[in-house]
$ cat protein-v9.txt   # compact mmCIF, C-alpha atoms (C1' of nucleotides)
# COMPACT_ATOMS: atom_id res chain seq x y z
CA MET W 980 170.90 245.03 -77.81
CA ILE W 981 168.48 242.95 -79.85
CA VAL W 982 168.56 240.07 -77.39
CA LYS W 983 167.95 242.39 -74.46
CA GLU W 984 165.41 244.81 -75.91
CA GLY W 985 164.14 243.02 -78.98
CA LEU W 986 164.13 244.11 -82.58
CA ASP W 987 161.77 246.97 -81.80
CA GLY W 988 164.09 248.27 -79.13
CA PHE W 989 166.99 248.31 -81.54
CA GLY W 990 167.75 251.57 -83.31
CA VAL W 991 170.63 252.80 -85.43
CA ASN W 992 171.04 256.01 -83.46
CA LYS W 993 170.98 254.07 -80.21
CA LEU W 994 173.57 251.62 -81.50
CA ALA W 995 175.84 254.43 -82.67
CA ARG W 996 175.65 256.10 -79.30
CA ALA W 997 176.40 252.83 -77.51
CA ALA W 998 179.32 252.15 -79.83
CA GLY W 999 180.68 255.67 -79.47
CA VAL W 1000 180.57 256.45 -83.17
CA SER W 1001 178.51 258.67 -85.41
CA PRO W 1002 175.35 257.21 -86.95
CA ALA W 1003 176.82 258.08 -90.32
CA THR W 1004 179.74 255.72 -89.71
CA ILE W 1005 177.36 252.78 -89.54
CA TYR W 1006 176.07 253.60 -93.00
CA ILE W 1007 179.58 253.25 -94.39
CA TYR W 1008 179.41 249.54 -93.65
CA TYR W 1009 175.72 248.79 -94.03
CA LYS W 1010 173.18 249.96 -96.58
CA ASP W 1011 170.47 250.47 -94.00
CA ARG W 1012 169.13 249.17 -90.71
CA GLU W 1013 167.70 246.02 -92.24
CA ASP W 1014 170.93 245.26 -94.06
CA LEU W 1015 172.82 245.57 -90.79
CA ILE W 1016 170.52 243.13 -89.04
CA ILE W 1017 170.49 240.65 -91.90
CA GLN W 1018 174.24 240.69 -92.44
CA THR W 1019 174.86 240.27 -88.73
CA THR W 1020 172.42 237.38 -88.59
CA ILE W 1021 174.07 235.65 -91.51
CA ARG W 1022 177.50 236.08 -89.97
CA VAL W 1023 176.45 234.67 -86.61
CA ALA W 1024 174.43 231.84 -88.13
CA ASP W 1025 177.30 230.85 -90.39
CA THR W 1026 179.64 230.60 -87.43
CA MET W 1027 177.15 228.51 -85.52
CA LEU W 1028 176.56 226.09 -88.37
CA ARG W 1029 180.27 225.76 -89.04
CA GLU W 1030 180.89 225.00 -85.37
CA SER W 1031 178.07 222.47 -85.31
CA LEU W 1032 180.04 220.51 -87.91
CA HIS W 1033 183.36 220.71 -86.04
CA ASP W 1034 185.08 217.30 -86.01
CA PHE W 1035 182.02 215.95 -87.75
CA ASP W 1036 182.09 213.75 -90.80
CA PRO W 1037 179.05 212.58 -92.76
CA GLU W 1038 180.60 209.13 -92.87
CA MET W 1039 180.32 208.76 -89.10
CA HIS W 1040 178.02 206.20 -87.56
CA PHE W 1041 174.65 207.76 -86.97
CA ALA W 1042 174.54 207.73 -83.18
CA GLU W 1043 178.10 208.97 -82.95
CA GLY W 1044 177.52 211.72 -85.53
CA LEU W 1045 174.32 212.96 -83.97
CA ARG W 1046 175.89 213.06 -80.52
CA LYS W 1047 178.80 215.05 -81.90
CA GLN W 1048 176.39 217.59 -83.36
CA TRP W 1049 174.44 217.86 -80.13
CA GLN W 1050 177.68 218.40 -78.23
CA ASN W 1051 178.91 220.99 -80.68
CA ARG W 1052 175.64 222.88 -80.48
CA ALA W 1053 175.50 222.67 -76.69
CA ASN W 1054 179.12 223.77 -76.35
CA HIS W 1055 178.57 226.70 -78.64
CA PHE W 1056 175.58 227.66 -76.58
CA LEU W 1057 177.54 227.52 -73.34
CA GLN W 1058 180.34 229.62 -74.80
CA HIS W 1059 178.23 232.07 -76.78
CA PRO W 1060 174.79 232.15 -75.18
CA LEU W 1061 174.09 235.59 -76.60
CA ASP W 1062 174.73 234.40 -80.15
CA VAL W 1063 172.31 231.53 -79.69
CA GLU W 1064 169.64 233.73 -78.18
CA PHE W 1065 170.14 236.18 -81.00
CA ILE W 1066 169.69 233.55 -83.69
CA GLU W 1067 166.65 232.07 -81.98
CA LYS W 1068 165.08 235.52 -81.88
CA MET W 1069 165.87 236.13 -85.51
CA ARG W 1070 164.50 232.71 -86.49
CA TYR W 1071 161.11 233.90 -85.36
CA SER W 1072 161.33 237.41 -86.73
CA HIS W 1073 159.73 238.63 -89.94
CA LEU W 1074 163.21 239.16 -91.40
CA TYR W 1075 164.14 235.51 -91.30
CA ASP W 1076 162.91 234.81 -94.81
CA LYS W 1077 165.61 237.09 -96.09
CA VAL W 1078 168.43 235.17 -94.41
CA SER W 1079 167.25 231.57 -94.38
CA GLY W 1080 168.06 231.10 -98.04
CA GLN W 1081 171.64 232.20 -97.61
CA ILE W 1082 172.85 230.17 -94.67
CA TYR W 1083 172.06 226.53 -95.24
CA LEU W 1084 173.98 226.00 -98.46
CA THR W 1085 177.00 223.87 -97.57
CA PHE W 1086 175.30 222.76 -94.39
CA LYS W 1087 172.46 221.14 -96.30
CA ASP W 1088 174.85 219.05 -98.37
CA VAL W 1089 176.76 217.67 -95.40
CA MET W 1090 173.63 216.93 -93.40
CA GLY W 1091 171.90 215.37 -96.38
CA LYS W 1092 174.85 213.08 -96.97
CA PHE W 1093 174.96 212.11 -93.30
CA VAL W 1094 171.29 211.20 -93.21
CA HIS W 1095 171.51 209.39 -96.53
CA ASN W 1096 174.44 207.29 -95.33
CA ALA W 1097 172.73 206.47 -92.05
CA ILE W 1098 169.59 205.29 -93.81
CA GLU W 1099 171.59 203.16 -96.25
CA ARG W 1100 173.44 201.51 -93.38
CA LYS W 1101 170.13 200.83 -91.62
CA GLU W 1102 171.22 202.92 -88.65
CA LEU W 1103 168.32 205.31 -89.20
CA ILE W 1104 164.80 204.74 -90.41
CA ALA W 1105 163.84 206.32 -93.73
CA LEU W 1106 162.08 209.61 -93.12
CA PRO W 1107 161.28 212.90 -94.84
CA PHE W 1108 164.04 215.31 -93.96
CA GLU W 1109 161.72 217.63 -92.04
CA VAL W 1110 160.42 214.81 -89.87
CA TYR W 1111 163.96 213.72 -89.19
CA TRP W 1112 165.02 217.25 -88.29
CA SER W 1113 162.04 217.77 -86.01
CA LEU W 1114 162.90 214.68 -84.03
CA ALA W 1115 166.66 214.98 -84.11
CA PHE W 1116 167.16 218.63 -83.12
CA ALA W 1117 163.98 220.31 -81.94
CA PRO W 1118 164.17 218.61 -78.52
CA LEU W 1119 167.70 219.88 -77.98
CA TYR W 1120 166.75 223.44 -78.87
CA GLN W 1121 163.77 223.24 -76.56
CA LEU W 1122 166.01 222.12 -73.72
CA ILE W 1123 168.31 225.04 -74.44
CA LYS W 1124 165.34 227.38 -74.40
CA PHE W 1125 164.20 226.02 -71.05
CA HIS W 1126 167.70 226.58 -69.76
CA THR W 1127 167.93 230.19 -70.92
CA GLN W 1128 164.43 231.03 -69.73
CA LYS W 1129 164.94 229.28 -66.43
CA LYS W 1130 161.18 228.94 -66.48
CA THR W 1131 160.15 226.80 -63.55
CA PHE W 1132 157.89 223.99 -64.65
CA GLY W 1133 158.88 222.06 -61.55
CA HIS W 1134 159.89 223.67 -58.28
CA LEU W 1135 163.43 224.18 -59.47
CA PRO W 1136 164.63 226.07 -62.53
CA PHE W 1137 165.82 223.75 -65.25
CA GLU W 1138 169.51 223.43 -66.03
CA LEU W 1139 170.93 221.88 -69.16
CA THR W 1140 173.28 219.32 -67.64
CA GLU W 1141 175.43 216.77 -69.44
CA GLU W 1142 173.15 214.20 -67.87
CA SER W 1143 169.78 215.53 -69.03
CA MET W 1144 171.22 216.11 -72.49
CA GLU W 1145 172.51 212.58 -72.76
CA GLN W 1146 169.23 211.21 -71.48
CA THR W 1147 167.27 213.14 -74.09
CA LEU W 1148 169.67 212.15 -76.85
CA GLN W 1149 169.29 208.49 -75.95
CA LEU W 1150 165.54 208.75 -76.30
CA VAL W 1151 165.85 210.54 -79.63
CA LEU W 1152 168.15 207.81 -80.87
CA LYS W 1153 165.67 205.19 -79.70
CA ALA W 1154 162.98 206.90 -81.75
CA LEU W 1155 165.12 207.08 -84.88
CA LYS W 1156 166.73 203.64 -84.77
CA PRO W 1157 165.13 200.97 -86.97
CA ASP W 1158 163.35 198.21 -85.09
CA PRO W 1159 165.32 194.98 -85.28
CA LEU W 1160 163.52 192.63 -87.63
CA PRO W 1161 161.85 189.74 -85.84
CA SER W 1162 163.95 186.72 -86.75
CA MET L 215 150.34 243.36 -88.16
CA ILE L 216 152.89 241.86 -85.80
CA VAL L 217 153.05 238.59 -87.71
CA LYS L 218 153.50 240.38 -90.99
CA GLU L 219 155.86 243.18 -90.04
CA GLY L 220 157.23 242.06 -86.69
CA LEU L 221 157.14 243.80 -83.34
CA ASP L 222 159.29 246.62 -84.65
CA GLY L 223 156.89 247.24 -87.50
CA PHE L 224 153.97 247.52 -85.13
CA GLY L 225 152.96 250.99 -83.98
CA VAL L 226 150.00 252.38 -82.10
CA ASN L 227 149.36 255.15 -84.63
CA LYS L 228 149.57 252.64 -87.45
CA LEU L 229 147.17 250.29 -85.70
CA ALA L 230 144.69 253.09 -85.04
CA ARG L 231 144.76 254.12 -88.68
CA ALA L 232 144.26 250.53 -89.82
CA ALA L 233 141.40 250.08 -87.39
CA GLY L 234 139.77 253.37 -88.37
CA VAL L 235 139.81 254.83 -84.88
CA SER L 236 141.68 257.57 -83.11
CA PRO L 237 144.93 256.66 -81.36
CA ALA L 238 143.39 258.04 -78.18
CA THR L 239 140.67 255.38 -78.31
CA ILE L 240 143.25 252.64 -77.96
CA TYR L 241 144.48 254.17 -74.73
CA ILE L 242 141.02 253.83 -73.24
CA TYR L 243 141.46 250.06 -73.30
CA TYR L 244 145.19 249.67 -72.85
CA LYS L 245 147.62 251.45 -70.58
CA ASP L 246 150.30 251.68 -73.26
CA ARG L 247 151.75 249.89 -76.26
CA GLU L 248 153.41 247.18 -74.17
CA ASP L 249 150.23 246.55 -72.22
CA LEU L 250 148.33 246.11 -75.48
CA ILE L 251 150.81 243.57 -76.77
CA ILE L 252 151.01 241.66 -73.51
CA GLN L 253 147.26 241.52 -72.95
CA THR L 254 146.69 240.40 -76.52
CA THR L 255 149.34 237.70 -76.16
CA ILE L 256 147.79 236.43 -72.95
CA ARG L 257 144.34 236.32 -74.51
CA VAL L 258 145.51 234.40 -77.58
CA ALA L 259 147.73 232.04 -75.60
CA ASP L 260 144.91 231.27 -73.17
CA THR L 261 142.62 230.34 -76.02
CA MET L 262 145.26 228.11 -77.55
CA LEU L 263 146.02 226.29 -74.32
CA ARG L 264 142.33 225.82 -73.57
CA GLU L 265 141.79 224.38 -77.04
CA SER L 266 144.77 222.08 -76.68
CA LEU L 267 142.94 220.49 -73.76
CA HIS L 268 139.62 220.11 -75.60
CA ASP L 269 138.13 216.64 -75.03
CA PHE L 270 141.26 215.85 -73.08
CA ASP L 271 141.33 214.22 -69.70
CA PRO L 272 144.43 213.65 -67.57
CA GLU L 273 143.13 210.16 -66.87
CA MET L 274 143.45 209.14 -70.51
CA HIS L 275 145.93 206.52 -71.57
CA PHE L 276 149.18 208.17 -72.45
CA ALA L 277 149.33 207.49 -76.19
CA GLU L 278 145.69 208.42 -76.60
CA GLY L 279 146.05 211.60 -74.57
CA LEU L 280 149.18 212.77 -76.32
CA ARG L 281 147.62 212.14 -79.73
CA LYS L 282 144.57 214.15 -78.70
CA GLN L 283 146.79 217.07 -77.75
CA TRP L 284 148.74 216.90 -80.97
CA GLN L 285 145.49 216.86 -82.91
CA ASN L 286 144.07 219.75 -80.96
CA ARG L 287 147.20 221.79 -81.51
CA ALA L 288 147.36 220.92 -85.20
CA ASN L 289 143.68 221.68 -85.70
CA HIS L 290 144.02 224.99 -83.98
CA PHE L 291 146.93 225.78 -86.20
CA LEU L 292 145.00 224.93 -89.35
CA GLN L 293 142.06 227.05 -88.26
CA HIS L 294 143.98 229.95 -86.77
CA PRO L 295 147.40 229.99 -88.38
CA LEU L 296 147.87 233.68 -87.60
CA ASP L 297 147.29 233.09 -83.89
CA VAL L 298 149.90 230.37 -83.86
CA GLU L 299 152.44 232.44 -85.74
CA PHE L 300 151.73 235.32 -83.41
CA ILE L 301 152.35 233.26 -80.30
CA GLU L 302 155.50 231.70 -81.73
CA LYS L 303 156.81 235.18 -82.46
CA MET L 304 155.96 236.38 -78.99
CA ARG L 305 157.56 233.30 -77.41
CA TYR L 306 160.87 234.49 -78.77
CA SER L 307 160.40 238.18 -78.06
CA HIS L 308 161.88 240.06 -75.14
CA LEU L 309 158.36 240.60 -73.77
CA TYR L 310 157.69 236.93 -73.22
CA ASP L 311 158.96 236.99 -69.65
CA LYS L 312 156.09 239.27 -68.79
CA VAL L 313 153.43 236.89 -70.06
CA SER L 314 154.87 233.42 -69.44
CA GLY L 315 154.06 233.56 -65.76
CA GLN L 316 150.41 234.32 -66.36
CA ILE L 317 149.36 231.69 -68.87
CA TYR L 318 150.41 228.28 -67.67
CA LEU L 319 148.50 228.19 -64.41
CA THR L 320 145.65 225.71 -64.89
CA PHE L 321 147.45 224.18 -67.82
CA LYS L 322 150.39 223.12 -65.66
CA ASP L 323 148.12 221.28 -63.25
CA VAL L 324 146.35 219.26 -65.90
CA MET L 325 149.53 218.39 -67.76
CA GLY L 326 151.35 217.53 -64.56
CA LYS L 327 148.55 215.17 -63.56
CA PHE L 328 148.53 213.55 -67.00
CA VAL L 329 152.26 212.90 -66.94
CA HIS L 330 152.15 211.69 -63.36
CA ASN L 331 149.38 209.20 -64.14
CA ALA L 332 151.16 207.93 -67.23
CA ILE L 333 154.36 207.30 -65.31
CA GLU L 334 152.50 205.51 -62.53
CA ARG L 335 150.78 203.25 -65.03
CA LYS L 336 154.14 202.49 -66.68
CA GLU L 337 152.92 203.96 -69.96
CA LEU L 338 155.66 206.59 -69.83
CA ILE L 339 159.20 206.50 -68.59
CA ALA L 340 160.02 208.69 -65.61
CA LEU L 341 161.56 211.95 -66.79
CA PRO L 342 162.13 215.53 -65.70
CA PHE L 343 159.20 217.56 -66.98
CA GLU L 344 161.38 219.65 -69.29
CA VAL L 345 162.88 216.59 -70.94
CA TYR L 346 159.42 215.14 -71.40
CA TRP L 347 158.13 218.37 -72.89
CA SER L 348 161.08 218.70 -75.25
CA LEU L 349 160.45 215.25 -76.65
CA ALA L 350 156.66 215.31 -76.60
CA PHE L 351 155.93 218.67 -78.22
CA ALA L 352 159.00 220.35 -79.69
CA PRO L 353 158.95 218.04 -82.76
CA LEU L 354 155.34 218.95 -83.49
CA TYR L 355 156.03 222.66 -83.24
CA GLN L 356 159.04 222.27 -85.50
CA LEU L 357 156.88 220.52 -88.10
CA ILE L 358 154.38 223.34 -87.88
CA LYS L 359 157.18 225.85 -88.36
CA PHE L 360 158.43 223.99 -91.43
CA HIS L 361 154.91 224.06 -92.77
CA THR L 362 154.41 227.80 -92.28
CA GLN L 363 157.85 228.64 -93.61
CA LYS L 364 157.49 226.31 -96.57
CA LYS L 365 161.27 226.23 -96.47
CA THR L 366 162.45 223.68 -98.97
CA PHE L 367 164.91 221.28 -97.43
CA GLY L 368 164.07 218.78 -100.13
CA HIS L 369 162.94 219.68 -103.62
CA LEU L 370 159.38 220.16 -102.50
CA PRO L 371 158.04 222.49 -99.82
CA PHE L 372 157.01 220.61 -96.72
CA GLU L 373 153.36 220.19 -95.87
CA LEU L 374 152.02 219.11 -92.51
CA THR L 375 149.86 216.17 -93.53
CA GLU L 376 147.88 213.86 -91.29
CA GLU L 377 150.35 211.20 -92.38
CA SER L 378 153.61 212.95 -91.50
CA MET L 379 152.13 214.05 -88.20
CA GLU L 380 151.07 210.53 -87.29
CA GLN L 381 154.45 209.20 -88.33
CA THR L 382 156.24 211.69 -86.12
CA LEU L 383 153.91 211.04 -83.21
CA GLN L 384 154.53 207.30 -83.46
CA LEU L 385 158.26 207.88 -83.18
CA VAL L 386 157.82 210.21 -80.22
CA LEU L 387 155.69 207.59 -78.51
CA LYS L 388 158.34 204.99 -79.21
CA ALA L 389 160.91 207.20 -77.50
CA LEU L 390 158.74 207.79 -74.45
CA LYS L 391 157.38 204.29 -73.93
CA PRO L 392 159.13 202.16 -71.31
CA ASP L 393 161.08 199.22 -72.69
CA PRO L 394 159.30 195.96 -71.95
CA LEU L 395 161.22 194.16 -69.25
CA PRO L 396 163.09 191.11 -70.58
CA SER L 397 161.20 188.14 -69.17
C1' DT R 782 206.10 265.11 -99.33
C1' DT R 783 202.30 265.62 -101.96
C1' DT R 784 197.79 263.95 -102.95
C1' DA R 785 193.83 261.37 -103.39
C1' DA R 786 191.06 258.02 -101.68
C1' DA R 787 188.98 256.01 -97.45
C1' DA R 788 187.08 256.54 -93.01
C1' DG R 789 184.72 259.13 -89.83
C1' DT R 790 182.02 263.11 -87.95
C1' DA R 791 178.52 266.75 -86.23
C1' DA R 792 174.40 268.44 -87.21
C1' DG R 793 170.08 267.89 -88.43
C1' DC R 794 166.27 266.64 -92.11
C1' DG R 795 161.50 264.92 -92.59
C1' DA R 796 158.82 261.31 -90.78
C1' DT R 797 157.04 258.74 -87.40
C1' DC R 798 156.96 257.35 -82.77
C1' DG R 799 154.15 256.76 -78.20
C1' DC R 800 151.07 259.27 -75.98
C1' DT R 801 147.95 263.26 -74.11
C1' DC R 802 144.65 266.96 -73.81
C1' DA R 803 140.59 269.58 -74.51
C1' DC R 804 136.58 268.52 -76.34
C1' DT R 805 132.29 266.14 -78.52
C1' DT R 806 129.08 262.38 -78.91
C1' DA R 807 126.68 258.36 -77.29
C1' DT R 808 124.61 255.73 -73.49
C1' DC R 809 122.42 255.07 -69.32
C1' DT R 810 119.98 256.47 -64.88
C1' DT R 811 116.48 258.69 -62.52
C1' DA G 613 113.75 265.32 -70.12
C1' DA G 614 117.79 266.32 -67.55
C1' DG G 615 121.94 265.16 -65.89
C1' DA G 616 125.81 262.09 -65.28
C1' DT G 617 129.03 258.88 -66.99
C1' DA G 618 131.31 256.43 -70.51
C1' DA G 619 133.22 256.24 -75.07
C1' DG G 620 135.46 258.32 -78.73
C1' DT G 621 137.84 262.11 -81.37
C1' DG G 622 141.20 265.50 -83.81
C1' DA G 623 145.08 267.81 -83.25
C1' DG G 624 149.44 267.79 -81.97
C1' DC G 625 153.34 267.50 -78.18
C1' DG G 626 158.17 266.22 -77.42
C1' DA G 627 161.14 262.54 -78.55
C1' DT G 628 163.14 259.52 -81.38
C1' DC G 629 163.32 257.30 -85.70
C1' DG G 630 166.22 256.06 -90.07
C1' DC G 631 169.13 258.31 -92.79
C1' DT G 632 171.88 262.17 -95.40
C1' DT G 633 174.83 265.97 -96.30
C1' DA G 634 178.75 268.94 -96.01
C1' DC G 635 182.82 268.64 -94.01
C1' DT G 636 187.27 266.93 -91.44
C1' DT G 637 190.65 263.56 -90.35
C1' DT G 638 193.26 259.42 -91.22
C1' DT G 639 195.60 256.30 -94.24
C1' DA G 640 198.43 255.03 -97.81
C1' DA G 641 200.00 255.12 -102.48
C1' DA G 642 203.00 258.00 -105.79

$ encode --input "protein-v9.txt" --output "C-alpha cells"
Amino acid sequence: MIVKEGLDGFGVNKLARAAGVSPATIYIYYKDREDLIIQTTIRVADTMLRESLHDFDPEMHFAEGLRKQWQNRANHFLQHPLDVEFIEKMRYSHLYDKVSGQIYLTFKDVMGKFVHNAIERKELIALPFEVYWSLAFAPLYQLIKFHTQKKTFGHLPFELTEESMEQTLQLVLKALKPDPLPS
Amino acid sequence: MIVKEGLDGFGVNKLARAAGVSPATIYIYYKDREDLIIQTTIRVADTMLRESLHDFDPEMHFAEGLRKQWQNRANHFLQHPLDVEFIEKMRYSHLYDKVSGQIYLTFKDVMGKFVHNAIERKELIALPFEVYWSLAFAPLYQLIKFHTQKKTFGHLPFELTEESMEQTLQLVLKALKPDPLPS
DNA sequence: TTTAAAAGTAAGCGATCGCTCACTTATCTT
DNA sequence: AAGATAAGTGAGCGATCGCTTACTTTTAAA
C-alpha cells in the first residue's frame, strides 16, 4: 500500500479493511500507526541487509567481495522488488531517522572490516567511509531506480541487465583501485 | 512542512493556518492538494535544474563541465538545503511519476549534447546514458544525503567539504575517462 | 472440563481531512 | 463615481482519520 499510494495514502482503517480484520486487531500488535510503519521498515531492512551479506566474507578480495554484494542486492531486488521500493521510499521519509539507528549495527561491523582489510591489502584506496559508500553503492541503487521507474532518458526504457551492471561495477572498481606506483 | 513532517503530515487546512489565510484561498490558485504539491515540485525542480546549468556549456571539456555541474549542485544545496531535501523526498514519492515527465525537457537536450561531445572527443567512454548518470551524479547526491542526515558511519558526523567533494569527483572522473591506448 | 488468558471484533469517539459555498472586500475599467 | 471582475473569507459539509472501549470467541493450561 505504501509503495503504491505513498505514506500519505496509507491508513490504519484502510489497511484493516484490506486485510479483512478489525482496526482494533492491528493495535494488538502495534502501538500505533507510526510504530507499525517503523517496525515493518526495520524488519524489511534487516532482511535486505542480511541477504546483501549472503556468502560474503570480509576477508574476501575487494573486487570479488564488492561484486558479491552487488549481485546479492540486485538479486534481492529482482525477487522482492516491492521490498526494495518500500525501503527506498522509507529512506527518504521523515520517519527514517527513527529506524536508521537500529538497522546498521552488525552490518556496519562487517562492512567496516571488509573495507579495512581491502585498504590494508592495497586493493582499495584509503577513503572516508562515506566517500567509499557513495562511490561503491550509490551507482547501483541509481541503476535500480532507473529500472523501476522505466524513465526513458534514451528512446528505450532502461533495463537493469547483467551486462550493464557488470559494466558499471567495472568502472566503480576502476575508480576505487589504487593506481599502480610508477616503477 | 513536507520536509519536516513528510507528505502524510502535510494538509491543506494546516498549510492555510500556517500561512494565515483561509483554506478557500488556496483553492483559488490550485485545483486540489495534489495539484499544489505537483506544481510546487515542478517549480522547485525547474529552478534547481536551471541552476545546475549556470555558466555551463555543453561544449566544455568533460572534466571541467562535470566539475561545474557538481559545484552548481553543491552550491544550490548549501544555499537552499530545504529545496534539495524537498526534491529528494518527492523523487521517492508516489507522485513523482506525475512530475518527472515535465521537468527534464530542455535539461535532457543540454546534457545529451554534453555527453555526446565528450564521447566524440574521447574525453569520456561510450556508455548508456543511465550508466553514465549513475556514475556521474549518484555519488554526489549520496554525499549530500550523508551530509543532511549527519548519520555517523564513523565516529564523527560527515560533512560535505570542498575537499571530500573534489576527492570524490576525481575518482568519478577516473572511472569515466577512457584508458590511454597502450602505444 | 473448567477457567483464565490471549486474540479478535463491531461500533463508534473526537479530530482532522480535503474541499465548497455564500458572501465580503479589494482592484481595475470606463 | 459606478459597475464589473478578481481576490479572499468564515463557516462548515461529508468523509475519513487514528484509535479505544465493551464485548465475544479462540486457545491452552490446570

$ atom_distance --input "protein-v9.txt" --atom1 "CA of Leu221 (chain L)" --atom2 "CA of Gln1018 (chain W)"
19.6 Å

$ interface_residues --input "protein-v9.txt" --of "chain W" --to "chain L" --cutoff "7 Å" --atoms "all atoms listed in the file" --output "list in words"
Lys983, Glu984, Gly985, Leu986, Asp987, Lys1068, Tyr1071, Ser1072, His1073, Phe1108, Glu1109, Val1110, Ser1113, Leu1114, Ala1117, Pro1118, Gln1121, Leu1122, Phe1132, Thr1147, Leu1150, Val1151, Lys1153 and Ala1154 of chain W

$ closest_atom_pairs --input "protein-v9.txt" --of "chain G" --to "chain L" --cutoff "10 Å" --atoms "all atoms listed in the file" --output "CSV"
residue,atom,partner,partner_atom,distance
G:DA619,C1',L:Thr239,CA,8.2
G:DG620,C1',L:Thr239,CA,6.0
G:DT621,C1',L:Ser236,CA,6.2
G:DG622,C1',L:Ser236,CA,8.0

$ atom_distance --input "protein-v9.txt" --atom1 "CA of Asp246 (chain L)" --atom2 "CA of Ala230 (chain L)"
13.1 Å

$ interface_residues --input "protein-v9.txt" --of "chain R" --to "chain L" --cutoff "12 Å" --atoms "only C-alpha atoms (C1' of nucleotides)" --output "list in words"
DT797, DC798, DG799, DC800, DT801 and DC802 of chain R

$ atom_distance --input "protein-v9.txt" --atom1 "CA of Phe1093 (chain W)" --atom2 "CA of Glu1038 (chain W)"
6.4 Å

$ axis_aligned_box --input "protein-v9.txt" --around "region 797-806 of chain R" --padding-each-side "5 Å" --output "AutoDock Vina command-line options"
--center_x 143.1 --center_y 263.2 --center_z -80.6 --size_x 38.0 --size_y 22.8 --size_z 23.6

$ residues_around --input "protein-v9.txt" --residues "Glu265 (chain L)" --least-positions-apart "4" --cutoff "10 Å" --atoms "only C-alpha atoms (C1' of nucleotides)" --output "list in words"
Ala259, Asp260, Thr261, Asp269, Phe270, Gln283, Asn286, Arg287, Asn289 and His290 of chain L

$ residues_around --input "protein-v9.txt" --residues "DT617 (chain G)" --least-positions-apart "6" --cutoff "12 Å" --atoms "only C-alpha atoms (C1' of nucleotides)" --output "list in words"
DA807, DT808, DC809 and DT810 of chain R

$ write_last_selection --input "protein-v9.txt" --atoms "C-alpha atoms (C1' of nucleotides)" --output "PDB file, in the frame of the given file"
ATOM      1  C1'  DA R 807     126.680 258.360 -77.290  1.00  0.00           C
ATOM      2  C1'  DT R 808     124.610 255.730 -73.490  1.00  0.00           C
ATOM      3  C1'  DC R 809     122.420 255.070 -69.320  1.00  0.00           C
ATOM      4  C1'  DT R 810     119.980 256.470 -64.880  1.00  0.00           C
TER       5       DT R 810
END

$ residues_near_point --input "protein-v9.txt" --point "(179.6, 211.7, -86.6)" --cutoff "12 Å" --atoms "only C-alpha atoms (C1' of nucleotides)" --output "PyMOL selection string"
chain W and resi 1031-1051+1089-1090+1092-1094+1096-1097
